[in-house]
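One structure below.
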Amino acid sequence: MSEAPRIEYSRRLEALRGDESRFEHRHRALGIATLFSGVAALILGILALWSRSASIVWPVLAVIGIAVFAVLNERAIRGRQRCRRAITFHERALARLDDRWMGTGETGDRFLEESHPYSRDLDLFGRGSLFELLCTARTQAGEETLARWLLHAADPAEVRRRQEAISDLRDRLDLREGLAVLGEDVRLGVHAEPLAAWGEGDPWLVPMLLRILLGALGVLWLVAAVAAIAWGQVLFLLVVTAVNFAISYQFRRHLDSAIPPIEDAAHDLELLSKVLARFESENFTAPKLVDLQGALRRQGMPPSRSIARLNRRTDLVDSRDQLAIKVIDPFIFWALQSTWAVEAWRKEFGSLIRQWLVAVGEMEALSSLASYAYENPADVFPEFSETTPCFDAQAFTHPLIPESRAIRNDLKLDSDLRLVIISGPNMAGKSTFIRAVGLNAVLAQCGAPVRAQRLRLSPLSIGASVCILDSLQGGISRFYAEIKRLKQISDLTQAPSSVLFLLDELLQGTNSHDRRIAAAAVVRNLVDQGAIGLITTHDLALTKIADSLAPLAANAHFEDRIENGLLFFDHRLRPGIVQTSNALDLMRSIGLDV
């Protein structure tokens with residue numbers, strides 16, 4: 001099913017490589033032409049100076065030729081850069097299809113929350129994570145929005161709006177390629193929160209009359225400087241210099257406090273302007289996209305043009321550090337005037353920045369999910385059930401496992417069957433199975449397609465205890481960290497939505513006697529509170545919990561087999577309790593004498 005996107009990516013990649021080669025040849029030819037034009041201009045210029053019979057027209061034409069070739073060469077360089085960025089975009093897309101994507105994208109480590117009930121346990125962030133697979137955003141606003149959607153489930157109505165938007169965006173490959181070639185290949189453009197906070201702050205406003213007066217004084221100083229050089233009018237220059245310097249000195253503290261926030265906020269504004277312009281130019285049909293686009297078009301000037309204007313003004317502020325401007329700045333008020341221009345922009349548009357960033361963040365997050373949907377056409381959008389609790393999946397698997405190696409299973413949890421206890425030997429797939437359940441529930445409730453033939457679920461609060469770690473610095477053992485997580489999951493049952501709990505090797509950090517008593521109590525409490533979920537275990541004594549909770553609980557297992565002294569796993573979930581164990585065989589297979 002992934003052959004269609006693979007064919008399209010490969011076709012475009014081949015065409016782009018041909019374009020890149022043509023731009024490269026053009027760049028080299030124009031470089032040679034520029035060099036010859038320079039040599040010709042030099043020779044013809046010398047001849048024109050030394051020979052009265054030689055016309056000055058020829059060296060002038062050679063200089064014009066240099067300028068024309070330079071302009072054409074710059075266009076060729078920009079074209080080559082665009083091709084290279086687009087090539088990188090399609091190479092990364094093919095890498096995702098070929099399972100070569102791990103470590104090549106944005107990992108989202110900064111979004112990892114130790115106290116979150118499932119982010120670490122389900123590999124949402126980090127190398128080889130769900131976030132790295134999904135995220136193609138160009139701005140921090142897009143990355144933050146996608147991370148927030150993965151961490152916090154949306155209600156079914158919002159999920160359906162996102163599904164419609166993803167369906168609208170799925171085949172817009174030109175849009176995603178266009179976003180990929182904007183600006184340099186940076187992963188962390190546009191610092192969203194500093195920019196939004198700066199926009200909502202109080203601008204430093206001064207009367208327009210003062211700005212005009214200082215502008216006139218700056219021009220007067222330049223005139224005085226010319227007069228001093230040309231006619232020796234030094235006294236006039238000294239007077240104007242003293243007046244302007246005194247004014248600059250009075251404003252120095254205001255300037256020192258106004259410029260740093262501008263510099264902190266104004267990272268990669270050009271990229272944000274281009275991303276906004278790209279979304280503004282699309283004709284969407286999905287209601288959510290139309291609404292987001294409407295939020296961008298609400299003002300008279302499109303946000304892309306407003307941000308471009310701000311970018312030009314902040315560039316003027318940054319240029320104050322150039323040596324020539326720094327020397328004369330106290331007398332011409334360059335930094336003051338450029339800062340006031342930025343503050344005037346903030347007064348007019350600053351309160352809208354957060355709204356623009358929210359819109360572009362949601363559009364980029366939807367575009368990332370649309371890219372995933374395009375590259376995985378066999379994945380389906382889930383259905384939401386009015387009956388709670390419910391998780392009914394047919395032929396589902398882990399979304400981070402390549403289709404060529406994935407084994408699909410079925411699972412149905414509802415008010416009739418709330419708990420499945422999964423036993424099985426090492427490496428049989430128990431942990432991977434419960435992670436697959438959790439990740440598909442996360443994808444479903446953020447609006448994305450799921451890795452299943454069919455999934456029907458109710459709104460679920462997910463709580464997982466799969467990757468619980470001790471903390472040397474915090475003085476917390478693994479067992480204590482696990483029971484804290486169990487308390488957190490238990491507290492989730494007080495919320496309106498049902499809880500989906502995923503517990504891997506429950507309470508393995510204590511003795512068998514305490515483990516059986518505590519595990520039975522924890523599970524019974526969760527089931528009594530209306531939760532549904534899975535438990536994996538090596539301790540077959542815990543499988544008796546299903547008997548005490550029947551018919552609300554059942555046992556299932558994964559198994560292995562030995563062929564010619566080698567272990568094999570089929571990763572198929574079967575009913576009942578496992579009857580095999582492979583710990584000793586695994587130890588012997590690596591040379592331990594047991």
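If you're wondering about the labels, chains in the structure tokens are A, B, ... by order shown, residues count from 1 in each chain, ligands from 1 in order shown.
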
- Find the spatial neighbours of region 525-537 of chain A, counting only C-alpha atoms, within a cut-off of 8 Å - ignore same-chain residues fewer than 4 positions away - and output them as a ChimeraX atom specification. /A:389-390,413-415,417-424,430-431,434,490,493,498-506,521,542

Let's have the selection written as a PDB file, in the first residue's frame, with N, CA and C atoms.
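Once everything was written out, this is part-v8.pdb:
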ATOM      1  N   PRO A 389     -16.631   1.995  28.874  1.00  0.00           N
ATOM      2  CA  PRO A 389     -15.378   2.192  28.140  1.00  0.00           C
ATOM      3  C   PRO A 389     -15.320   1.276  26.927  1.00  0.00           C
ATOM      4  N   CYS A 390     -14.406   1.569  25.987  1.00  0.00           N
ATOM      5  CA  CYS A 390     -14.316   0.739  24.787  1.00  0.00           C
ATOM      6  C   CYS A 390     -12.965   0.922  24.109  1.00  0.00           C
ATOM      7  N   LEU A 413     -11.670  -4.595  24.496  1.00  0.00           N
ATOM      8  CA  LEU A 413     -11.915  -4.293  25.895  1.00  0.00           C
ATOM      9  C   LEU A 413     -13.146  -3.404  25.973  1.00  0.00           C
ATOM     10  N   ASP A 414     -14.083  -3.766  26.853  1.00  0.00           N
ATOM     11  CA  ASP A 414     -15.287  -2.956  27.020  1.00  0.00           C
ATOM     12  C   ASP A 414     -15.873  -3.234  28.394  1.00  0.00           C
ATOM     13  N   SER A 415     -17.119  -2.881  28.606  1.00  0.00           N
ATOM     14  CA  SER A 415     -17.738  -3.073  29.917  1.00  0.00           C
ATOM     15  C   SER A 415     -17.908  -4.550  30.264  1.00  0.00           C
ATOM     16  N   LEU A 417     -15.632  -7.066  29.175  1.00  0.00           N
ATOM     17  CA  LEU A 417     -14.279  -7.578  29.435  1.00  0.00           C
ATOM     18  C   LEU A 417     -13.371  -6.380  29.690  1.00  0.00           C
ATOM     19  N   ARG A 418     -13.037  -6.138  30.961  1.00  0.00           N
ATOM     20  CA  ARG A 418     -12.297  -4.930  31.328  1.00  0.00           C
ATOM     21  C   ARG A 418     -10.793  -5.170  31.463  1.00  0.00           C
ATOM     22  N   LEU A 419     -10.391  -6.418  31.652  1.00  0.00           N
ATOM     23  CA  LEU A 419      -8.987  -6.701  31.935  1.00  0.00           C
ATOM     24  C   LEU A 419      -8.529  -7.946  31.196  1.00  0.00           C
ATOM     25  N   VAL A 420      -7.331  -7.851  30.588  1.00  0.00           N
ATOM     26  CA  VAL A 420      -6.669  -9.018  30.016  1.00  0.00           C
ATOM     27  C   VAL A 420      -5.284  -9.119  30.651  1.00  0.00           C
ATOM     28  N   ILE A 421      -4.995 -10.266  31.252  1.00  0.00           N
ATOM     29  CA  ILE A 421      -3.677 -10.524  31.839  1.00  0.00           C
ATOM     30  C   ILE A 421      -2.885 -11.353  30.845  1.00  0.00           C
ATOM     31  N   ILE A 422      -1.751 -10.804  30.393  1.00  0.00           N
ATOM     32  CA  ILE A 422      -0.969 -11.435  29.322  1.00  0.00           C
ATOM     33  C   ILE A 422       0.285 -12.041  29.919  1.00  0.00           C
ATOM     34  N   SER A 423       0.410 -13.326  29.803  1.00  0.00           N
ATOM     35  CA  SER A 423       1.614 -14.032  30.237  1.00  0.00           C
ATOM     36  C   SER A 423       2.399 -14.466  29.005  1.00  0.00           C
ATOM     37  N   GLY A 424       3.632 -14.850  29.223  1.00  0.00           N
ATOM     38  CA  GLY A 424       4.445 -15.297  28.098  1.00  0.00           C
ATOM     39  C   GLY A 424       5.913 -15.219  28.399  1.00  0.00           C
ATOM     40  N   LYS A 430       5.232  -9.150  24.710  1.00  0.00           N
ATOM     41  CA  LYS A 430       4.227  -8.629  25.642  1.00  0.00           C
ATOM     42  C   LYS A 430       4.304  -7.108  25.762  1.00  0.00           C
ATOM     43  N   SER A 431       5.505  -6.580  26.000  1.00  0.00           N
ATOM     44  CA  SER A 431       5.666  -5.129  26.163  1.00  0.00           C
ATOM     45  C   SER A 431       5.342  -4.396  24.866  1.00  0.00           C
ATOM     46  N   ILE A 434       1.456  -4.101  24.459  1.00  0.00           N
ATOM     47  CA  ILE A 434       0.733  -3.067  25.213  1.00  0.00           C
ATOM     48  C   ILE A 434       1.154  -1.665  24.767  1.00  0.00           C
ATOM     49  N   SER A 490      -4.505   5.507  39.251  1.00  0.00           N
ATOM     50  CA  SER A 490      -5.721   5.368  40.051  1.00  0.00           C
ATOM     51  C   SER A 490      -6.460   6.699  40.165  1.00  0.00           C
ATOM     52  N   THR A 493      -8.895   7.772  37.374  1.00  0.00           N
ATOM     53  CA  THR A 493     -10.249   7.209  37.316  1.00  0.00           C
ATOM     54  C   THR A 493     -11.303   8.157  37.884  1.00  0.00           C
ATOM     55  N   SER A 498     -13.104   7.431  30.725  1.00  0.00           N
ATOM     56  CA  SER A 498     -12.620   6.144  31.216  1.00  0.00           C
ATOM     57  C   SER A 498     -11.098   6.068  31.116  1.00  0.00           C
ATOM     58  N   VAL A 499     -10.530   5.180  31.922  1.00  0.00           N
ATOM     59  CA  VAL A 499      -9.075   5.011  31.951  1.00  0.00           C
ATOM     60  C   VAL A 499      -8.691   3.741  31.209  1.00  0.00           C
ATOM     61  N   LEU A 500      -7.634   3.855  30.387  1.00  0.00           N
ATOM     62  CA  LEU A 500      -6.999   2.699  29.762  1.00  0.00           C
ATOM     63  C   LEU A 500      -5.655   2.524  30.451  1.00  0.00           C
ATOM     64  N   PHE A 501      -5.503   1.458  31.268  1.00  0.00           N
ATOM     65  CA  PHE A 501      -4.244   1.246  31.984  1.00  0.00           C
ATOM     66  C   PHE A 501      -3.440   0.145  31.295  1.00  0.00           C
ATOM     67  N   LEU A 502      -2.126   0.360  31.231  1.00  0.00           N
ATOM     68  CA  LEU A 502      -1.199  -0.558  30.570  1.00  0.00           C
ATOM     69  C   LEU A 502      -0.043  -0.806  31.533  1.00  0.00           C
ATOM     70  N   LEU A 503      -0.018  -1.975  32.161  1.00  0.00           N
ATOM     71  CA  LEU A 503       0.924  -2.261  33.233  1.00  0.00           C
ATOM     72  C   LEU A 503       1.824  -3.432  32.838  1.00  0.00           C
ATOM     73  N   ASP A 504       3.099  -3.149  32.675  1.00  0.00           N
ATOM     74  CA  ASP A 504       4.057  -4.155  32.232  1.00  0.00           C
ATOM     75  C   ASP A 504       4.821  -4.703  33.434  1.00  0.00           C
ATOM     76  N   GLU A 505       4.744  -6.035  33.630  1.00  0.00           N
ATOM     77  CA  GLU A 505       5.438  -6.693  34.748  1.00  0.00           C
ATOM     78  C   GLU A 505       5.092  -5.998  36.061  1.00  0.00           C
ATOM     79  N   LEU A 506       3.828  -6.026  36.397  1.00  0.00           N
ATOM     80  CA  LEU A 506       3.295  -5.289  37.529  1.00  0.00           C
ATOM     81  C   LEU A 506       3.974  -5.691  38.846  1.00  0.00           C
ATOM     82  N   ALA A 521      -5.159  -6.249  44.528  1.00  0.00           N
ATOM     83  CA  ALA A 521      -5.889  -5.099  45.070  1.00  0.00           C
ATOM     84  C   ALA A 521      -5.886  -3.928  44.096  1.00  0.00           C
ATOM     85  N   LEU A 542       0.055 -14.437  39.171  1.00  0.00           N
ATOM     86  CA  LEU A 542      -0.812 -13.275  38.931  1.00  0.00           C
ATOM     87  C   LEU A 542      -1.939 -13.589  37.957  1.00  0.00           C
TER      88      LEU A 542
END

- Message: Which residues are near Trp149 (chain A)? Cut-off 9 Å, only C-alpha atoms, ignore same chain within fewer than 5 positions. Put them as a list in words.
- Response: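 Listing them by chain and then by number gives Glu144, Ala154, Ala365, Val442, Gln445, Cys446 and Gly447 of chain A.
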
- From region 208-418 of chain A, collect each residue whose DSSP state is alpha helix (DSSP H) and return the set as a count of residues only. 143

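Comparing A:Asn511, A:Leu400, A:Cys83, A:Thr145 by their smallest distance to Arg127 (chain A), the closest is A:Leu400 (using only C-alpha atoms).
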
- Any idea what the distance is between CA of Arg6 (chain A) and CA of Leu94 (chain A)?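 That distance, rounded to one decimal, is 6.6 Å.
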
- Query: Tell me, which residues of region 241-405 of chain A carry DSSP strand (DSSP E), written as a PyMOL selection string?
  - Reply: chain A and resi 383-384+390-396

- Task: For Leu210 (chain A), please output as a ChimeraX atom specification all residues within 12 Å (counting only C-alpha atoms; exclusion window: fewer than 3 positions along the same chain).
- Result: /A:205-207,213-217,247,333,336-337,340

Hey, can you spit out that residue selection with N, CA and C atoms as a PDB file, in the first residue's frame?
ATOM      1  N   LEU A 205       6.278  53.692  23.512  1.00  0.00           N
ATOM      2  CA  LEU A 205       5.721  54.653  22.567  1.00  0.00           C
ATOM      3  C   LEU A 205       6.198  56.064  22.888  1.00  0.00           C
ATOM      4  N   VAL A 206       6.487  56.822  21.856  1.00  0.00           N
ATOM      5  CA  VAL A 206       6.852  58.241  21.977  1.00  0.00           C
ATOM      6  C   VAL A 206       6.020  59.032  20.975  1.00  0.00           C
ATOM      7  N   PRO A 207       5.809  60.313  21.215  1.00  0.00           N
ATOM      8  CA  PRO A 207       5.027  61.121  20.263  1.00  0.00           C
ATOM      9  C   PRO A 207       5.673  61.145  18.880  1.00  0.00           C
ATOM     10  N   LEU A 213      11.236  65.202  15.013  1.00  0.00           N
ATOM     11  CA  LEU A 213      12.262  66.153  15.449  1.00  0.00           C
ATOM     12  C   LEU A 213      13.634  65.499  15.468  1.00  0.00           C
ATOM     13  N   LEU A 214      13.716  64.279  16.023  1.00  0.00           N
ATOM     14  CA  LEU A 214      15.012  63.597  16.065  1.00  0.00           C
ATOM     15  C   LEU A 214      15.482  63.201  14.674  1.00  0.00           C
ATOM     16  N   GLY A 215      14.538  62.867  13.794  1.00  0.00           N
ATOM     17  CA  GLY A 215      14.922  62.596  12.415  1.00  0.00           C
ATOM     18  C   GLY A 215      15.532  63.819  11.760  1.00  0.00           C
ATOM     19  N   ALA A 216      14.924  65.001  12.025  1.00  0.00           N
ATOM     20  CA  ALA A 216      15.450  66.252  11.460  1.00  0.00           C
ATOM     21  C   ALA A 216      16.832  66.561  12.031  1.00  0.00           C
ATOM     22  N   LEU A 217      17.022  66.319  13.348  1.00  0.00           N
ATOM     23  CA  LEU A 217      18.335  66.564  13.950  1.00  0.00           C
ATOM     24  C   LEU A 217      19.392  65.623  13.393  1.00  0.00           C
ATOM     25  N   ILE A 247      20.986  64.159  23.689  1.00  0.00           N
ATOM     26  CA  ILE A 247      19.680  63.510  23.535  1.00  0.00           C
ATOM     27  C   ILE A 247      19.835  61.997  23.572  1.00  0.00           C
ATOM     28  N   PHE A 333      20.756  58.933  15.610  1.00  0.00           N
ATOM     29  CA  PHE A 333      19.652  58.231  16.292  1.00  0.00           C
ATOM     30  C   PHE A 333      19.157  56.996  15.518  1.00  0.00           C
ATOM     31  N   LEU A 336      17.658  54.381  17.975  1.00  0.00           N
ATOM     32  CA  LEU A 336      16.402  54.895  18.519  1.00  0.00           C
ATOM     33  C   LEU A 336      15.272  54.812  17.500  1.00  0.00           C
ATOM     34  N   GLN A 337      15.530  55.304  16.305  1.00  0.00           N
ATOM     35  CA  GLN A 337      14.484  55.354  15.285  1.00  0.00           C
ATOM     36  C   GLN A 337      14.058  53.953  14.858  1.00  0.00           C
ATOM     37  N   TRP A 340      12.023  52.422  17.713  1.00  0.00           N
ATOM     38  CA  TRP A 340      10.676  52.996  17.749  1.00  0.00           C
ATOM     39  C   TRP A 340       9.808  52.448  16.614  1.00  0.00           C
TER      40      TRP A 340
END

- Using only C-alpha atoms, find the one residue out of A:Thr314, A:Ser115, A:Asn73, A:Thr543 that sits nearest to His267 (chain A). A:Thr314

- Message: Could you list, as a ChimeraX atom specification, every residue within 12 Å of Leu507 (chain A), counting only C-alpha atoms and ignoring same-chain residues fewer than 3 positions away?
- Response: /A:465-466,468,478-486,503-504,510-523,535-539,542

Take the residues that were just selected and, keeping C-alpha atoms, output them as a CSV table (one decimal), in the first residue's frame.
chain,number,residue,atom,x,y,z
A,465,SER,CA,3.7,1.7,33.7
A,466,VAL,CA,6.1,0.2,31.1
A,468,ILE,CA,9.6,3.0,35.1
A,478,ARG,CA,12.2,1.5,40.9
A,479,PHE,CA,9.5,0.0,43.1
A,480,TYR,CA,8.6,3.3,44.7
A,481,ALA,CA,8.5,5.0,41.3
A,482,GLU,CA,6.2,2.3,40.1
A,483,ILE,CA,3.7,2.6,43.0
A,484,LYS,CA,3.7,6.4,42.5
A,485,ARG,CA,2.7,5.8,38.9
A,486,LEU,CA,0.0,3.4,40.0
A,503,LEU,CA,0.9,-2.3,33.2
A,504,ASP,CA,4.1,-4.2,32.2
A,510,THR,CA,8.9,-6.8,45.6
A,511,ASN,CA,8.6,-10.4,46.9
A,512,SER,CA,6.1,-12.9,45.4
A,513,HIS,CA,3.8,-12.9,48.5
A,514,ASP,CA,3.3,-9.1,48.6
A,515,ARG,CA,3.2,-8.9,44.9
A,516,ARG,CA,0.2,-11.2,44.5
A,517,ILE,CA,-1.8,-9.4,47.2
A,518,ALA,CA,-0.9,-5.9,46.1
A,519,ALA,CA,-1.4,-6.6,42.4
A,520,ALA,CA,-4.8,-8.1,43.0
A,521,ALA,CA,-5.9,-5.1,45.1
A,522,VAL,CA,-4.6,-2.5,42.5
A,523,VAL,CA,-6.3,-4.3,39.6
A,535,ILE,CA,-1.3,-6.4,32.5
A,536,THR,CA,1.8,-8.4,31.5
A,537,THR,CA,3.6,-10.8,33.8
A,538,HIS,CA,6.1,-13.6,34.0
A,539,ASP,CA,4.7,-14.6,37.4
A,542,LEU,CA,-0.8,-13.3,38.9

- With only C-alpha atoms as the atoms that count, which of A:Leu296, A:Thr241, A:Thr388, A:Ser458 lies nearest to Ala228 (chain A)?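 Once distances to Ala228 (chain A) are computed over only C-alpha atoms, the minimum belongs to A:Thr241.
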
- Task: Would you mind listing what lies within 6 Å of region 9-25 of chain A as a list in words, with only C-alpha atoms counted and same-chain residues fewer than 5 positions away left out?
- Result: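 That gives Ala76, Arg80, Cys83, Ile87 and His90 of chain A.
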
Selected residues written out with C-alpha atoms, as a PDB file, in the first residue's frame:
ATOM      1  CA  ALA A  76      21.173  29.797 -10.189  1.00  0.00           C
ATOM      2  CA  ARG A  80      20.244  24.910  -6.615  1.00  0.00           C
ATOM      3  CA  CYS A  83      16.482  21.798  -5.192  1.00  0.00           C
ATOM      4  CA  ILE A  87      15.824  16.572  -2.378  1.00  0.00           C
ATOM      5  CA  HIS A  90      12.011  13.504  -0.416  1.00  0.00           C
TER       6      HIS A  90
END

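Within 9 Å of region 41-45 of chain A, once only C-alpha atoms are used and residues closer than 3 positions along the same chain are dropped, the contacting residues are Phe36, Ser37, Gly38, Ala48, Leu49, Trp50, Ala54, Ser55, Ile56, Trp58, Pro59, Val60, Leu61, Ala62, Val63 and Ile66 of chain A.
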
Just write the chosen residues, C-alpha atoms, as a compact mmCIF listing (two decimals), in the first residue's frame.
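And here's selection.txt as it stands now:
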# COMPACT_ATOMS: atom_id res chain seq x y z
CA PHE A 36 36.10 36.52 -18.26
CA SER A 37 33.96 39.67 -18.11
CA GLY A 38 36.08 40.93 -15.22
CA ALA A 48 40.86 53.23 -22.64
CA LEU A 49 43.15 55.04 -20.17
CA TRP A 50 46.32 54.64 -22.20
CA ALA A 54 39.98 53.23 -27.52
CA SER A 55 36.36 53.86 -26.59
CA ILE A 56 35.26 53.89 -22.94
CA TRP A 58 33.65 48.71 -24.16
CA PRO A 59 34.89 48.56 -20.57
CA VAL A 60 31.50 49.94 -19.44
CA LEU A 61 29.73 47.17 -21.34
CA ALA A 62 32.07 44.61 -19.75
CA VAL A 63 31.20 45.94 -16.27
CA ILE A 66 29.69 41.39 -14.83
